Amino acid sequence: MSFFVKGIILEQKKEPMLTRSTLVMRQEFEYFDCDFPDAAIDELSAEQIIELAKLAGIVDESDGKMLWEKLEKANLGEGGRLIIDAIDDEPYISSQMSLCVHQQDKLALGIELCEKALNPAKTYIAMYKHIFDVNFSLPHRVGKYKVEKIGGRYPAENRAYRHLPKGKNSVVIGSCAALHLARAAEESRKMTTCFITVAGDAVKNPRNVEVPVGTSVEKLLELCGLTEEPEVIVVGGSMTGRAIFEPENELVGPTTRGVIALCKSYSGGKSYNCIGCGRCDHACPKALSVSTMRKLAEFGKYDELRHYDAALCIGCGACSYVCPARIDIAATIIKAKKQMELAKKEDMA
Amino acid sequence: MSEKTKKLSAEIKDSLGYLFFKNPVLVCGLVIGQLAAGCTNLQNGAALSITYLFIVVPVLVFASVIGKRLPEIIKTVSYMLVSAAMLIPAYYICGGFSATIFDSAGIYPALLAVSTVPVVYSNKFAEKQTVSKAFFNGVFLALGFALTALILGGAREFFGSGSLWGYKLSEGSFPAVKLPFWGFILLGFMAAGINAVRDIFKKPEYIVPQNEEERV
Amino acid sequence: MKEKLMFQNAPHVRQSESVATMMGDFVIALLPIYLMCFFYYGARSLVLGLCGVFFCVLFSLIGKIVVKERAKFDLTPVITGLIIPLLMPADIPYYIVISACAVAILVVKVPFGGTGNNLFNPAAVGFASVALCWPEVVFRYPAPMQVIEIFGESTAKIANSPAYSLAIGAVPDYEVLDMLLGSVPGPMGATNIFVVAACGIFLMVRKTINWITPVSFLVPYTLLSAFFPRIGGSPFDALCYELFSGTIIFGALFMLTEPVTSPKRDFGKFLAGLSSAIVVFLFRYFGGLEMGFANALILMNVFSPVFDDVCEEFLKVYRHKDGIVASFKKDKKQKPEETVEVNLIEEKIETKEEEAVK
């Protein structure tokens, strides 16, 4: 059905961050005591690995759940798959991908441990395919594990989840979590750090950094340096993150993927009129009629919005990305969607 | 006596709006098609205005006098009958001005007999009004129509063939003005003009939403 | 740092292409056609183009002040002003171009709400209205390869255009190669097919216009004119004469593809192109006027929301396909698949936000 849904390929802008190795902030690591300190890594049992993940307190950065819970609850039957998430399809963000480039040995060890705990039939690493601006070729193998390049248009991460085998036959684990598991097994180190991409055109030295959980955004930006005062600071992804106003009070967590500082804001000032080119319609991954919905949302006609399936909108922001008139289409529709839900709740009550 | 005159003056004041700010064509949008297609010069405009006067006033008076007593089924039909019958005196009156102006307007005077005022307005409003109010309503509706029709017809005749009421004044410069689509465009611009004048006298009741301040 | 921070909605990176670059592409693509006009008719064509641009911009600025439009000024009036003279003969009087510009901007564009809200193609309506007013001037074409005076009454030699010959049922006495190169009388921008097609391909490669509209218009039109020729002779000759006379190629590339008045989706664009081909052919086959294309375009502009609605109905089926399939299978376990997936993604976004809040 590509006649209706074309999707978009984003400019990835990953270059300086992915070539440079991860910058580790100076800090004191915490260690834990376990009942089997002398056990060789090759001989660890599945229960012991889960115990390690529990003791180290590892949080999976791809969905924010505890790793030991995921490992324990997953019940892979025949033909089960373990997928290591290093997709990173948003521009600038490359914290998961850089582990596959710069810390291959440790990551391979972590994946091996996960594999031992879950015993899947197939294990592979998922990575985004359409990255054109990187100077070197991205790895095809990490250790003995194959890297599967996931193609497709933005949002690729969502589409990747859609293509997963149905049911409980597969588990997705973030690559940072796998790395932390390897560290816990080798050095009995607790997970006190997180991997964050600091980028944007206002950053002097854009890199992937490893900082303690709870570092403020201001400190992160100080670490990487600023060329000029940014107008917008974004926490989260470049497509779905949110702008912040108090960088000194904003703390990063395990699921924070990036901090982006931009010189110039897109909002504010006069905008062009919508010229009806229809690019937003084709960019929408859910095949919604975005241009019509935007008009209805601006005039508050929520009953008609329902007719256009506005509830299916996932808020990926692809429409705003392609809009040549720089209209905040996604924000308008998400706001209307929230209002619709509120009205529905009021009707129910 | 004084009360009666007060009442009359109030009724006249009420219906006075039909002349300009509640103009039947430009603001209410009643008989746009007939005007845009039929009113191509001043004579046609005059014929249409006279016909409208002869149709609207009797129908509204008729409706206010015996509208309530008529059964529902034949009500609308009888209004139409009255309005169609009034075409005959209109034809003879127009013939008094000039022999051909009623015919040159084509089918459009006859189409006025089945327009909105005889069919809907008389049904909905005129039945509940007093006779005098219905009379004044009809007169001012017709006057408002006449104002629009004469201005439109005059402008189209002057720009299209350079004459007024058949007397040559200058060379016609823009013959396309006589086409129906230019009639619609001119009516649209006149309506926009009335809106602009009204905006000067009245403050806008609603505020246009300002998108830039309502960001999520 | 804190004082300068501003709020910005979700996608924080944007495409580099904007309305300004799209319209700039259009202007760049129209300039070579003016060069060809200069080659065939002299400097008067350039002055006509400047006149059209100046008055279109002037009228749209006046309209902006009157209507109190708040949007940024864009290059769309420049494009309208460049297209209108190209549809007319090179010795057209200036007042006709100016009145076409006035109709295009003050009647078609500004009252409907400016750029992006016009119901009809402004250039097409402007041209059609002056063609109705002064048909004897607008359809009287000078022979090419002669310099026309910049000011004053034109004394250029007059020749019959191929479109006129076709309209009265005669075979045009011009070579097909001449028609491709543009050395036949006709509208001053639309005769040099090679240059027009090259500019159109430039626009398609830049993805400013969608290739579907011109292709879905030109292919059915070619087939129709080959199967139902208006003149005697081989179908190939009839096809060439029909396709290369008048404003068919120019209109298909520069007027039919105008984003505002064409449908939004590719499928809708395909439908619009197909139906416009049929309507243009009917206009030229049965109509007496040479301006079949502009009239048909105005007629088809009205239907573009209808084509959008047709697409919307197909898409509704596509969006709910899983639910529909499940309801046919009567297997209720498979039914909530779509919703589960949506929830998963939303959950992901929400958890991200929550974490960020923490």
# chains A, B, ... in the order shown; residues from 1 in each chain; ligands from 1
$ interface_residues --of "chain A" --to "chain C" --cutoff "6 Å" --atoms "only C-alpha atoms" --output "list of chain:residue names"
A:Glu229, A:Glu231, A:Val232, A:Ser238, A:Met239, A:Thr240, A:Ala243, A:Ser267, A:Lys270, A:Ser271, A:Tyr272, A:Asn273, A:Cys274, A:Ile275, A:Gly276, A:Cys277, A:Gly278, A:Gly317, A:Tyr321, A:Val322, A:Pro324, A:Ala325
$ interface_residues --of "chain A" --to "chain B" --cutoff "9 Å" --atoms "only C-alpha atoms" --output "PyMOL selection string"
chain A and resi 267-270+298-299+328+331-332+334-335
$ write_last_selection --atoms "C-alpha atoms" --output "tab-separated table (two decimals), in the first residue's frame"
chain	number	residue	atom	x	y	z
A	267	SER	CA	8.51	28.62	16.46
A	268	GLY	CA	7.79	32.27	16.86
A	269	GLY	CA	7.50	34.88	14.15
A	270	LYS	CA	5.31	34.74	11.11
A	298	GLU	CA	-7.49	24.52	14.21
A	299	PHE	CA	-11.18	25.35	14.02
A	328	ASP	CA	3.30	22.80	13.85
A	331	ALA	CA	1.28	19.72	17.99
A	332	THR	CA	-2.08	20.99	16.71
A	334	ILE	CA	-2.12	16.09	19.45
A	335	LYS	CA	-3.75	18.96	21.30
$ interface_residues --of "chain B" --to "chain C" --cutoff "10 Å" --atoms "only C-alpha atoms" --output "list of chain:residue names"
B:Gly160, B:Ser173, B:Phe174, B:Pro175, B:Ala176, B:Val177, B:Lys178, B:Leu179, B:Phe181, B:Trp182, B:Ile185, B:Leu186, B:Gly188, B:Phe189, B:Ala192, B:Arg215, B:Val216
$ write_last_selection --atoms "N, CA and C atoms" --output "mmCIF file, in the first residue's frame"
data_model
loop_
_atom_site.group_PDB
_atom_site.id
_atom_site.type_symbol
_atom_site.label_atom_id
_atom_site.label_comp_id
_atom_site.auth_asym_id
_atom_site.auth_seq_id
_atom_site.Cartn_x
_atom_site.Cartn_y
_atom_site.Cartn_z
ATOM 1 N N GLY B 160 -19.882 47.707 -18.991
ATOM 2 C CA GLY B 160 -19.974 46.756 -20.085
ATOM 3 C C GLY B 160 -20.154 47.417 -21.433
ATOM 4 N N SER B 173 -15.892 49.287 -22.139
ATOM 5 C CA SER B 173 -14.501 48.882 -22.014
ATOM 6 C C SER B 173 -14.340 47.420 -21.608
ATOM 7 N N PHE B 174 -15.318 46.863 -20.940
ATOM 8 C CA PHE B 174 -15.094 45.554 -20.333
ATOM 9 C C PHE B 174 -16.354 44.721 -20.525
ATOM 10 N N PRO B 175 -16.590 44.221 -21.753
ATOM 11 C CA PRO B 175 -17.877 43.567 -22.038
ATOM 12 C C PRO B 175 -18.143 42.323 -21.194
ATOM 13 N N ALA B 176 -17.095 41.720 -20.620
ATOM 14 C CA ALA B 176 -17.317 40.484 -19.864
ATOM 15 C C ALA B 176 -18.121 40.722 -18.594
ATOM 16 N N VAL B 177 -18.237 41.995 -18.192
ATOM 17 C CA VAL B 177 -18.988 42.299 -16.983
ATOM 18 C C VAL B 177 -20.432 41.828 -17.092
ATOM 19 N N LYS B 178 -20.922 41.714 -18.323
ATOM 20 C CA LYS B 178 -22.314 41.306 -18.491
ATOM 21 C C LYS B 178 -22.524 39.813 -18.304
ATOM 22 N N LEU B 179 -21.430 39.050 -18.235
ATOM 23 C CA LEU B 179 -21.570 37.599 -18.044
ATOM 24 C C LEU B 179 -21.990 37.298 -16.603
ATOM 25 N N PHE B 181 -20.928 35.258 -14.392
ATOM 26 C CA PHE B 181 -19.917 35.054 -13.342
ATOM 27 C C PHE B 181 -19.402 36.373 -12.811
ATOM 28 N N TRP B 182 -19.395 37.406 -13.678
ATOM 29 C CA TRP B 182 -19.020 38.721 -13.154
ATOM 30 C C TRP B 182 -20.119 39.281 -12.256
ATOM 31 N N ILE B 185 -19.363 37.907 -8.940
ATOM 32 C CA ILE B 185 -18.174 38.522 -8.339
ATOM 33 C C ILE B 185 -18.498 39.914 -7.819
ATOM 34 N N LEU B 186 -19.260 40.696 -8.640
ATOM 35 C CA LEU B 186 -19.604 42.055 -8.203
ATOM 36 C C LEU B 186 -20.478 42.016 -6.955
ATOM 37 N N GLY B 188 -20.447 39.755 -4.715
ATOM 38 C CA GLY B 188 -19.560 39.414 -3.607
ATOM 39 C C GLY B 188 -18.806 40.621 -3.099
ATOM 40 N N PHE B 189 -18.301 41.446 -4.029
ATOM 41 C CA PHE B 189 -17.561 42.626 -3.583
ATOM 42 C C PHE B 189 -18.485 43.622 -2.882
ATOM 43 N N ALA B 192 -18.977 42.395 0.551
ATOM 44 C CA ALA B 192 -17.779 42.666 1.355
ATOM 45 C C ALA B 192 -17.751 44.124 1.771
ATOM 46 N N ARG B 215 -0.130 27.839 21.548
ATOM 47 C CA ARG B 215 0.679 26.643 21.278
ATOM 48 C C ARG B 215 0.529 25.651 22.418
ATOM 49 N N VAL B 216 0.736 24.383 22.098
ATOM 50 C CA VAL B 216 0.579 23.330 23.109
ATOM 51 C C VAL B 216 1.726 23.411 24.110
#
$ residues_around --residues "Leu42 (chain B)" --least-positions-apart "6" --cutoff "9 Å" --atoms "only C-alpha atoms" --output "compact mmCIF listing (two decimals) with C-alpha atoms, in the first residue's frame"
# COMPACT_ATOMS: atom_id res chain seq x y z
CA ALA B 149 -30.33 45.78 -8.30
CA LEU B 150 -30.04 49.37 -9.51
CA ILE B 151 -26.43 49.77 -8.38
CA LEU B 152 -25.48 46.41 -9.86
CA GLY B 153 -27.34 46.98 -13.12
CA GLY B 154 -25.99 50.50 -13.49
CA ALA B 155 -22.43 49.44 -12.85
CA ARG B 156 -22.65 46.52 -15.27
CA GLU B 157 -24.24 48.64 -17.98
CA PHE B 158 -21.73 51.45 -17.58
CA LEU B 164 -26.91 54.25 -18.71
CA TRP B 165 -30.60 53.47 -19.37
CA GLY B 166 -29.76 53.10 -23.02
$ residues_around --residues "Lys133 (chain B)" --least-positions-apart "5" --cutoff "10 Å" --atoms "only C-alpha atoms" --output "mmCIF file with N, CA and C atoms, in the first residue's frame"
data_model
loop_
_atom_site.group_PDB
_atom_site.id
_atom_site.type_symbol
_atom_site.label_atom_id
_atom_site.label_comp_id
_atom_site.auth_asym_id
_atom_site.auth_seq_id
_atom_site.Cartn_x
_atom_site.Cartn_y
_atom_site.Cartn_z
ATOM 1 N N LYS B 7 -46.137 53.025 17.777
ATOM 2 C CA LYS B 7 -46.026 51.645 17.348
ATOM 3 C C LYS B 7 -45.600 51.562 15.887
ATOM 4 N N LEU B 8 -46.249 52.429 15.085
ATOM 5 C CA LEU B 8 -45.911 52.427 13.662
ATOM 6 C C LEU B 8 -44.450 52.777 13.439
ATOM 7 N N ALA B 10 -42.018 52.438 15.482
ATOM 8 C CA ALA B 10 -41.160 51.348 15.922
ATOM 9 C C ALA B 10 -41.084 50.267 14.854
ATOM 10 N N GLU B 11 -42.253 49.980 14.245
ATOM 11 C CA GLU B 11 -42.261 48.953 13.200
ATOM 12 C C GLU B 11 -41.418 49.372 12.004
ATOM 13 N N ILE B 12 -41.550 50.664 11.657
ATOM 14 C CA ILE B 12 -40.759 51.153 10.526
ATOM 15 C C ILE B 12 -39.281 51.054 10.850
ATOM 16 N N ASP B 14 -37.861 48.964 12.840
ATOM 17 C CA ASP B 14 -37.455 47.565 12.764
ATOM 18 C C ASP B 14 -37.152 47.153 11.334
ATOM 19 N N SER B 15 -38.050 47.538 10.425
ATOM 20 C CA SER B 15 -37.881 47.066 9.052
ATOM 21 C C SER B 15 -36.870 47.883 8.269
ATOM 22 N N LEU B 60 -46.750 39.120 1.673
ATOM 23 C CA LEU B 60 -46.563 39.224 3.121
ATOM 24 C C LEU B 60 -47.844 39.700 3.787
ATOM 25 N N VAL B 61 -48.522 40.653 3.167
ATOM 26 C CA VAL B 61 -49.786 41.133 3.739
ATOM 27 C C VAL B 61 -50.807 40.007 3.748
ATOM 28 N N SER B 64 -50.009 37.598 6.520
ATOM 29 C CA SER B 64 -50.304 38.059 7.879
ATOM 30 C C SER B 64 -51.811 38.154 8.116
ATOM 31 N N ALA B 126 -44.029 35.982 8.567
ATOM 32 C CA ALA B 126 -45.067 36.968 8.288
ATOM 33 C C ALA B 126 -46.394 36.587 8.925
ATOM 34 N N LYS B 128 -46.994 35.524 11.835
ATOM 35 C CA LYS B 128 -47.109 35.943 13.234
ATOM 36 C C LYS B 128 -47.092 37.460 13.384
ATOM 37 N N GLY B 138 -42.311 44.177 3.874
ATOM 38 C CA GLY B 138 -42.298 43.946 2.428
ATOM 39 C C GLY B 138 -41.744 45.142 1.682
ATOM 40 N N VAL B 139 -42.195 46.352 2.076
ATOM 41 C CA VAL B 139 -41.748 47.548 1.359
ATOM 42 C C VAL B 139 -40.238 47.708 1.474
#
$ select_by_dssp --residues "region 7-196 of chain B" --states "strand (DSSP E)" --output "JSON, numbers by chain"
{"B": [163, 164, 167, 168]}
$ write_last_selection --atoms "N, CA and C atoms" --output "PDB file, in the first residue's frame"
ATOM      1  N   SER B 163     -23.066  52.778 -21.342  1.00  0.00           N
ATOM      2  CA  SER B 163     -24.279  53.592 -21.394  1.00  0.00           C
ATOM      3  C   SER B 163     -25.034  53.462 -20.078  1.00  0.00           C
ATOM      4  N   LEU B 164     -26.028  54.349 -19.871  1.00  0.00           N
ATOM      5  CA  LEU B 164     -26.914  54.252 -18.709  1.00  0.00           C
ATOM      6  C   LEU B 164     -28.341  54.433 -19.204  1.00  0.00           C
ATOM      7  N   TYR B 167     -28.736  55.351 -22.839  1.00  0.00           N
ATOM      8  CA  TYR B 167     -28.089  56.540 -23.404  1.00  0.00           C
ATOM      9  C   TYR B 167     -26.586  56.326 -23.404  1.00  0.00           C
ATOM     10  N   LYS B 168     -25.975  56.500 -24.554  1.00  0.00           N
ATOM     11  CA  LYS B 168     -24.537  56.253 -24.684  1.00  0.00           C
ATOM     12  C   LYS B 168     -23.757  57.346 -23.964  1.00  0.00           C
TER      13      LYS B 168
END
$ decode --residues "region 106-231 of chain A" --atoms "C-alpha atoms" --output "mmCIF file, in the first residue's frame"
data_model
loop_
_atom_site.group_PDB
_atom_site.id
_atom_site.type_symbol
_atom_site.label_atom_id
_atom_site.label_comp_id
_atom_site.auth_asym_id
_atom_site.auth_seq_id
_atom_site.Cartn_x
_atom_site.Cartn_y
_atom_site.Cartn_z
ATOM 1 C CA LYS A 106 31.792 -5.928 26.249
ATOM 2 C CA LEU A 107 28.548 -5.729 24.323
ATOM 3 C CA ALA A 108 29.100 -9.205 22.888
ATOM 4 C CA LEU A 109 29.667 -10.529 26.392
ATOM 5 C CA GLY A 110 26.473 -8.880 27.610
ATOM 6 C CA ILE A 111 24.484 -10.348 24.757
ATOM 7 C CA GLU A 112 25.954 -13.762 25.515
ATOM 8 C CA LEU A 113 24.786 -13.480 29.116
ATOM 9 C CA CYS A 114 21.290 -12.447 28.015
ATOM 10 C CA GLU A 115 21.239 -15.344 25.602
ATOM 11 C CA LYS A 116 22.193 -17.727 28.393
ATOM 12 C CA ALA A 117 19.407 -16.426 30.596
ATOM 13 C CA LEU A 118 16.746 -16.669 27.907
ATOM 14 C CA ASN A 119 17.980 -19.461 25.658
ATOM 15 C CA PRO A 120 16.473 -18.139 22.408
ATOM 16 C CA ALA A 121 16.678 -19.856 19.021
ATOM 17 C CA LYS A 122 17.969 -16.753 17.294
ATOM 18 C CA THR A 123 19.730 -13.625 18.495
ATOM 19 C CA TYR A 124 20.454 -10.510 16.503
ATOM 20 C CA ILE A 125 21.137 -6.818 16.884
ATOM 21 C CA ALA A 126 18.764 -4.400 15.197
ATOM 22 C CA MET A 127 20.249 -1.237 13.729
ATOM 23 C CA TYR A 128 18.863 1.453 11.426
ATOM 24 C CA LYS A 129 19.810 1.084 7.791
ATOM 25 C CA HIS A 130 19.584 4.449 6.068
ATOM 26 C CA ILE A 131 22.557 6.232 7.589
ATOM 27 C CA PHE A 132 24.471 7.902 4.795
ATOM 28 C CA ASP A 133 26.591 10.540 6.471
ATOM 29 C CA VAL A 134 28.912 8.245 8.450
ATOM 30 C CA ASN A 135 32.482 8.053 7.158
ATOM 31 C CA PHE A 136 33.110 4.396 8.010
ATOM 32 C CA SER A 137 30.942 1.356 7.357
ATOM 33 C CA LEU A 138 28.865 0.295 10.307
ATOM 34 C CA PRO A 139 29.708 -3.145 11.744
ATOM 35 C CA HIS A 140 28.034 -6.203 10.289
ATOM 36 C CA ARG A 141 28.840 -8.383 13.310
ATOM 37 C CA VAL A 142 29.341 -7.721 16.978
ATOM 38 C CA GLY A 143 31.287 -10.658 18.336
ATOM 39 C CA LYS A 144 29.466 -13.638 16.957
ATOM 40 C CA TYR A 145 26.129 -11.883 16.668
ATOM 41 C CA LYS A 146 24.762 -10.616 13.420
ATOM 42 C CA VAL A 147 23.661 -7.002 12.974
ATOM 43 C CA GLU A 148 20.357 -6.822 11.109
ATOM 44 C CA LYS A 149 19.886 -3.506 9.340
ATOM 45 C CA ILE A 150 16.300 -2.380 9.684
ATOM 46 C CA GLY A 151 15.191 -0.329 6.718
ATOM 47 C CA GLY A 152 12.033 1.596 6.220
ATOM 48 C CA ARG A 153 10.984 5.130 6.772
ATOM 49 C CA TYR A 154 10.627 7.008 9.997
ATOM 50 C CA PRO A 155 9.415 5.917 12.568
ATOM 51 C CA ALA A 156 11.470 2.781 11.973
ATOM 52 C CA GLU A 157 11.519 1.822 15.631
ATOM 53 C CA ASN A 158 7.755 1.436 15.690
ATOM 54 C CA ARG A 159 7.755 -0.451 12.418
ATOM 55 C CA ALA A 160 10.455 -2.765 13.704
ATOM 56 C CA TYR A 161 8.242 -3.661 16.629
ATOM 57 C CA ARG A 162 5.393 -4.270 14.211
ATOM 58 C CA HIS A 163 7.384 -6.840 12.255
ATOM 59 C CA LEU A 164 8.226 -8.831 15.362
ATOM 60 C CA PRO A 165 6.780 -12.332 15.539
ATOM 61 C CA LYS A 166 3.442 -12.310 17.235
ATOM 62 C CA GLY A 167 2.890 -13.425 20.799
ATOM 63 C CA LYS A 168 5.414 -13.773 23.606
ATOM 64 C CA ASN A 169 8.032 -15.324 21.389
ATOM 65 C CA SER A 170 10.451 -12.425 21.354
ATOM 66 C CA VAL A 171 12.194 -10.127 23.802
ATOM 67 C CA VAL A 172 13.713 -6.739 23.051
ATOM 68 C CA ILE A 173 16.607 -5.642 25.252
ATOM 69 C CA GLY A 174 18.449 -2.374 24.891
ATOM 70 C CA SER A 175 22.128 -2.502 24.063
ATOM 71 C CA CYS A 176 23.090 -0.276 27.024
ATOM 72 C CA ALA A 177 21.370 -2.711 29.369
ATOM 73 C CA ALA A 178 23.323 -5.594 27.839
ATOM 74 C CA LEU A 179 26.551 -3.669 28.351
ATOM 75 C CA HIS A 180 25.707 -2.990 31.992
ATOM 76 C CA LEU A 181 24.991 -6.695 32.470
ATOM 77 C CA ALA A 182 28.449 -7.537 31.155
ATOM 78 C CA ARG A 183 30.008 -5.038 33.579
ATOM 79 C CA ALA A 184 28.017 -6.488 36.457
ATOM 80 C CA ALA A 185 29.305 -9.970 35.632
ATOM 81 C CA GLU A 186 32.930 -8.958 35.119
ATOM 82 C CA GLU A 187 33.469 -6.281 37.759
ATOM 83 C CA SER A 188 30.330 -6.622 39.936
ATOM 84 C CA ARG A 189 29.632 -2.993 39.206
ATOM 85 C CA LYS A 190 26.237 -1.398 39.868
ATOM 86 C CA MET A 191 24.445 0.473 37.122
ATOM 87 C CA THR A 192 25.002 4.075 38.115
ATOM 88 C CA THR A 193 25.550 5.576 34.698
ATOM 89 C CA CYS A 194 23.607 6.167 31.520
ATOM 90 C CA PHE A 195 24.593 6.806 27.908
ATOM 91 C CA ILE A 196 23.470 10.110 26.467
ATOM 92 C CA THR A 197 24.044 11.869 23.163
ATOM 93 C CA VAL A 198 24.842 15.559 23.499
ATOM 94 C CA ALA A 199 24.443 17.233 20.133
ATOM 95 C CA GLY A 200 22.969 20.136 18.241
ATOM 96 C CA ASP A 201 24.399 23.080 16.368
ATOM 97 C CA ALA A 202 25.059 25.058 19.535
ATOM 98 C CA VAL A 203 27.297 22.345 21.054
ATOM 99 C CA LYS A 204 31.026 22.782 20.580
ATOM 100 C CA ASN A 205 32.064 19.189 21.011
ATOM 101 C CA PRO A 206 29.115 16.900 20.216
ATOM 102 C CA ARG A 207 29.651 13.392 21.638
ATOM 103 C CA ASN A 208 28.152 10.406 23.285
ATOM 104 C CA VAL A 209 28.818 10.683 27.011
ATOM 105 C CA GLU A 210 28.509 8.310 29.926
ATOM 106 C CA VAL A 211 27.415 10.219 33.001
ATOM 107 C CA PRO A 212 26.002 9.300 36.413
ATOM 108 C CA VAL A 213 22.223 9.048 36.613
ATOM 109 C CA GLY A 214 20.909 12.333 37.969
ATOM 110 C CA THR A 215 23.370 14.663 36.295
ATOM 111 C CA SER A 216 21.764 17.963 35.388
ATOM 112 C CA VAL A 217 21.447 19.050 31.795
ATOM 113 C CA GLU A 218 23.429 22.195 32.513
ATOM 114 C CA LYS A 219 26.395 20.086 33.641
ATOM 115 C CA LEU A 220 26.158 17.940 30.544
ATOM 116 C CA LEU A 221 26.280 20.975 28.309
ATOM 117 C CA GLU A 222 29.217 22.341 30.299
ATOM 118 C CA LEU A 223 31.019 19.058 29.759
ATOM 119 C CA CYS A 224 30.669 19.288 25.989
ATOM 120 C CA GLY A 225 30.913 23.054 25.688
ATOM 121 C CA LEU A 226 28.713 25.560 23.900
ATOM 122 C CA THR A 227 29.626 27.675 20.893
ATOM 123 C CA GLU A 228 26.853 30.160 21.545
ATOM 124 C CA GLU A 229 23.840 30.552 23.779
ATOM 125 C CA PRO A 230 21.164 28.101 22.641
ATOM 126 C CA GLU A 231 17.583 29.204 22.098
#
